[in-house]
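Participant: Attaching a single structure in structure tokens format; questions to follow.
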Amino acid sequence: MKGNNRESRFGKREKRKKTNIILNSLIALVIILIIVVSAKIFFGGNNDQALPADEQTASESKQNEKNKEDKGNDIEQNKDKDVEKADKESEEEEKETEEKAEKEPEEDKEQVVTEGGSGPDVEKTIENPAWKPVGTSQTGEHTAVYDQNHADWQEMLSAISYATGVDQGNMTVWFLGNNGPNSSVGTISTKDQSEKYRVYIDWVDGEGWKPSRVEVLNEIN
């Protein structure tokens, strides 16, 4: 009987030992799991929060770069607009100047006036590079013709009228004759003789007579 009791007590002790070992193992396992889960919550959570912050910083950086680029583009566009505006204004001013020049009397363009001239009867001499040939209806080789009924005579008077501004209806021709090869000279005045001129003209093939010099006279010889 005693032997059986001893064995029974011994068996109970062994069972308790095993039970304690199992319980201790389970407790240790639970503790380890708690530590692992806690570590994951704390450390893993920080990483999760840090990532969006990094992404936000990168996004802000990209936005700042885009803003700078947009600002730079705006500045360039404004510069281009300013340059385009300046060019347009310059073109308009140039066009306005040209239009004014076209409206000015042709005889006033680049006109050079000097005192005196070829003789004592000359008050002043006028030369204007802007003068042009008056045109012609004549064809073929040209020879000056000093006949009042000839086309050449009428074209010479047109050139004289063009250079002086004296209309042929108000013109008295005192002299019109040869002044060398393809050159003529005429002395005219207004009918009331308030204006008196000696006009030198040259022939331009295919284009007609062209004034070269006008002398304002103080008297008719």
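Residue numbering restarts at 1 for every chain of the structure tokens, chains are lettered A, B, ... in their displayed order, and ligands are numbered from 1 as they appear.
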So that I can check the surroundings of Glu115 in chain A, please list as a ChimeraX atom specification every protein, DNA and RNA residue that reaches within 7 Å of it, counting only C-alpha atoms and ignoring chain neighbours fewer than 6 positions away.
Facilitator: /A:123-125
Participant: As a VMD selection string, please: all residues of range 10-220 of chain A that backbone DSSP puts in strand (DSSP E).
Facilitator: chain A and resid 112 to 115 122 to 127 171 to 178 183 to 190 196 to 204 208 to 217
Participant: Convert the current residue selection to file output with N, CA and C atoms, as a tab-separated table (two decimals), in the first residue's frame.
Facilitator:
chain	number	residue	atom	x	y	z
A	112	VAL	N	18.05	121.08	-101.97
A	112	VAL	CA	19.24	121.86	-101.59
A	112	VAL	C	19.12	123.24	-102.23
A	113	VAL	N	19.16	124.27	-101.40
A	113	VAL	CA	19.04	125.64	-101.90
A	113	VAL	C	20.32	126.39	-101.58
A	114	THR	N	20.90	127.02	-102.58
A	114	THR	CA	22.12	127.83	-102.38
A	114	THR	C	21.88	129.23	-102.92
A	115	GLU	N	22.53	130.20	-102.31
A	115	GLU	CA	22.40	131.58	-102.75
A	115	GLU	C	23.17	131.80	-104.06
A	122	VAL	N	20.63	135.73	-110.96
A	122	VAL	CA	20.15	134.55	-110.21
A	122	VAL	C	20.11	134.88	-108.71
A	123	GLU	N	18.96	134.79	-108.14
A	123	GLU	CA	18.80	135.04	-106.70
A	123	GLU	C	19.24	133.83	-105.88
A	124	LYS	N	18.78	132.63	-106.27
A	124	LYS	CA	19.18	131.39	-105.60
A	124	LYS	C	19.01	130.21	-106.55
A	125	THR	N	19.70	129.12	-106.21
A	125	THR	CA	19.68	127.90	-107.04
A	125	THR	C	19.10	126.75	-106.22
A	126	ILE	N	18.22	125.99	-106.86
A	126	ILE	CA	17.57	124.85	-106.19
A	126	ILE	C	17.92	123.57	-106.93
A	127	GLU	N	18.37	122.55	-106.17
A	127	GLU	CA	18.62	121.22	-106.72
A	127	GLU	C	17.94	120.19	-105.82
A	171	MET	N	1.80	130.18	-117.30
A	171	MET	CA	3.23	130.23	-117.61
A	171	MET	C	3.49	131.05	-118.87
A	172	THR	N	4.49	131.94	-118.77
A	172	THR	CA	5.00	132.64	-119.95
A	172	THR	C	6.39	132.09	-120.25
A	173	VAL	N	6.59	131.58	-121.48
A	173	VAL	CA	7.89	131.01	-121.87
A	173	VAL	C	8.70	132.09	-122.56
A	174	TRP	N	9.79	132.52	-121.94
A	174	TRP	CA	10.66	133.54	-122.52
A	174	TRP	C	11.73	132.92	-123.41
A	175	PHE	N	12.13	131.70	-123.03
A	175	PHE	CA	13.14	131.03	-123.85
A	175	PHE	C	13.10	129.54	-123.53
A	176	LEU	N	13.28	128.71	-124.58
A	176	LEU	CA	13.42	127.26	-124.41
A	176	LEU	C	14.29	126.76	-125.55
A	177	GLY	N	15.50	126.29	-125.20
A	177	GLY	CA	16.43	125.88	-126.26
A	177	GLY	C	17.44	124.85	-125.79
A	178	ASN	N	18.36	124.58	-126.69
A	178	ASN	CA	19.36	123.52	-126.47
A	178	ASN	C	20.40	123.95	-125.42
A	183	SER	N	20.10	117.74	-123.48
A	183	SER	CA	19.87	118.71	-122.40
A	183	SER	C	19.23	119.97	-122.98
A	184	SER	N	18.35	120.58	-122.19
A	184	SER	CA	17.70	121.82	-122.61
A	184	SER	C	17.62	122.77	-121.41
A	185	VAL	N	17.38	124.05	-121.71
A	185	VAL	CA	17.21	125.04	-120.67
A	185	VAL	C	16.08	125.97	-121.07
A	186	GLY	N	15.26	126.32	-120.08
A	186	GLY	CA	14.14	127.22	-120.39
A	186	GLY	C	14.04	128.32	-119.35
A	187	THR	N	13.64	129.52	-119.83
A	187	THR	CA	13.39	130.65	-118.92
A	187	THR	C	11.90	130.94	-118.96
A	188	ILE	N	11.26	130.89	-117.79
A	188	ILE	CA	9.81	131.11	-117.74
A	188	ILE	C	9.47	132.01	-116.55
A	189	SER	N	8.22	132.48	-116.54
A	189	SER	CA	7.72	133.23	-115.40
A	189	SER	C	6.22	133.02	-115.30
A	190	THR	N	5.67	133.41	-114.16
A	190	THR	CA	4.21	133.47	-114.10
A	190	THR	C	3.77	134.64	-114.96
A	196	LYS	N	9.94	134.10	-111.34
A	196	LYS	CA	10.75	133.97	-112.56
A	196	LYS	C	11.79	132.87	-112.35
A	197	TYR	N	11.92	131.99	-113.35
A	197	TYR	CA	12.81	130.83	-113.20
A	197	TYR	C	13.59	130.55	-114.48
A	198	ARG	N	14.80	129.97	-114.27
A	198	ARG	CA	15.55	129.35	-115.36
A	198	ARG	C	15.70	127.88	-114.97
A	199	VAL	N	15.23	126.99	-115.86
A	199	VAL	CA	15.16	125.56	-115.50
A	199	VAL	C	16.01	124.75	-116.46
A	200	TYR	N	16.84	123.88	-115.90
A	200	TYR	CA	17.70	122.98	-116.68
A	200	TYR	C	17.11	121.58	-116.61
A	201	ILE	N	16.94	120.96	-117.79
A	201	ILE	CA	16.34	119.62	-117.85
A	201	ILE	C	17.20	118.71	-118.72
A	202	ASP	N	17.18	117.40	-118.38
A	202	ASP	CA	17.95	116.39	-119.13
A	202	ASP	C	17.01	115.28	-119.59
A	203	TRP	N	17.33	114.73	-120.76
A	203	TRP	CA	16.52	113.65	-121.31
A	203	TRP	C	16.98	112.30	-120.75
A	204	VAL	N	16.01	111.48	-120.31
A	204	VAL	CA	16.29	110.11	-119.85
A	204	VAL	C	15.57	109.17	-120.80
A	208	GLY	N	11.62	110.19	-120.35
A	208	GLY	CA	11.26	111.58	-120.60
A	208	GLY	C	12.22	112.57	-119.96
A	209	TRP	N	11.79	113.84	-119.95
A	209	TRP	CA	12.62	114.92	-119.43
A	209	TRP	C	12.61	114.96	-117.90
A	210	LYS	N	13.79	115.22	-117.33
A	210	LYS	CA	13.96	115.23	-115.88
A	210	LYS	C	14.65	116.54	-115.47
A	211	PRO	N	14.06	117.32	-114.53
A	211	PRO	CA	14.71	118.55	-114.07
A	211	PRO	C	16.01	118.24	-113.33
A	212	SER	N	17.02	119.05	-113.55
A	212	SER	CA	18.29	118.87	-112.83
A	212	SER	C	18.63	120.08	-111.96
A	213	ARG	N	18.18	121.27	-112.36
A	213	ARG	CA	18.50	122.46	-111.58
A	213	ARG	C	17.49	123.57	-111.90
A	214	VAL	N	17.12	124.34	-110.87
A	214	VAL	CA	16.22	125.48	-111.04
A	214	VAL	C	16.88	126.71	-110.44
A	215	GLU	N	16.93	127.77	-111.22
A	215	GLU	CA	17.45	129.04	-110.71
A	215	GLU	C	16.31	130.03	-110.57
A	216	VAL	N	16.20	130.60	-109.37
A	216	VAL	CA	15.19	131.62	-109.12
A	216	VAL	C	15.79	132.97	-109.55
A	217	LEU	N	15.12	133.63	-110.48
A	217	LEU	CA	15.67	134.88	-111.06
A	217	LEU	C	15.07	136.12	-110.43
Participant: Could you state the separation of CA of Ala159 in chain A and CA of Ser137 in chain A in Å, given to one decimal place?
Facilitator: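 Computing the Euclidean distance for CA of Ala159 in chain A and CA of Ser137 in chain A yields 13.6 Å.
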Participant: Please measure the separation of CA of Ile31 in chain A and CA of Lys12 in chain A, giving the value in Å to one decimal.
Facilitator: 28.0 Å
Participant: May I have the residues within 9 Å of Thr143 in chain A as a list in words, using only C-alpha atoms and disregarding those fewer than 3 positions away in the same chain?
Facilitator: Asp152, Pro181 and Asn182 of chain A
Participant: Take the selection from the previous step and output its residues with C-alpha atoms, as a CSV table (one decimal), in the first residue's frame.
Facilitator:
chain,number,residue,atom,x,y,z
A,152,ASP,CA,8.8,117.0,-127.2
A,181,PRO,CA,23.4,116.7,-126.0
A,182,ASN,CA,20.0,115.6,-124.6
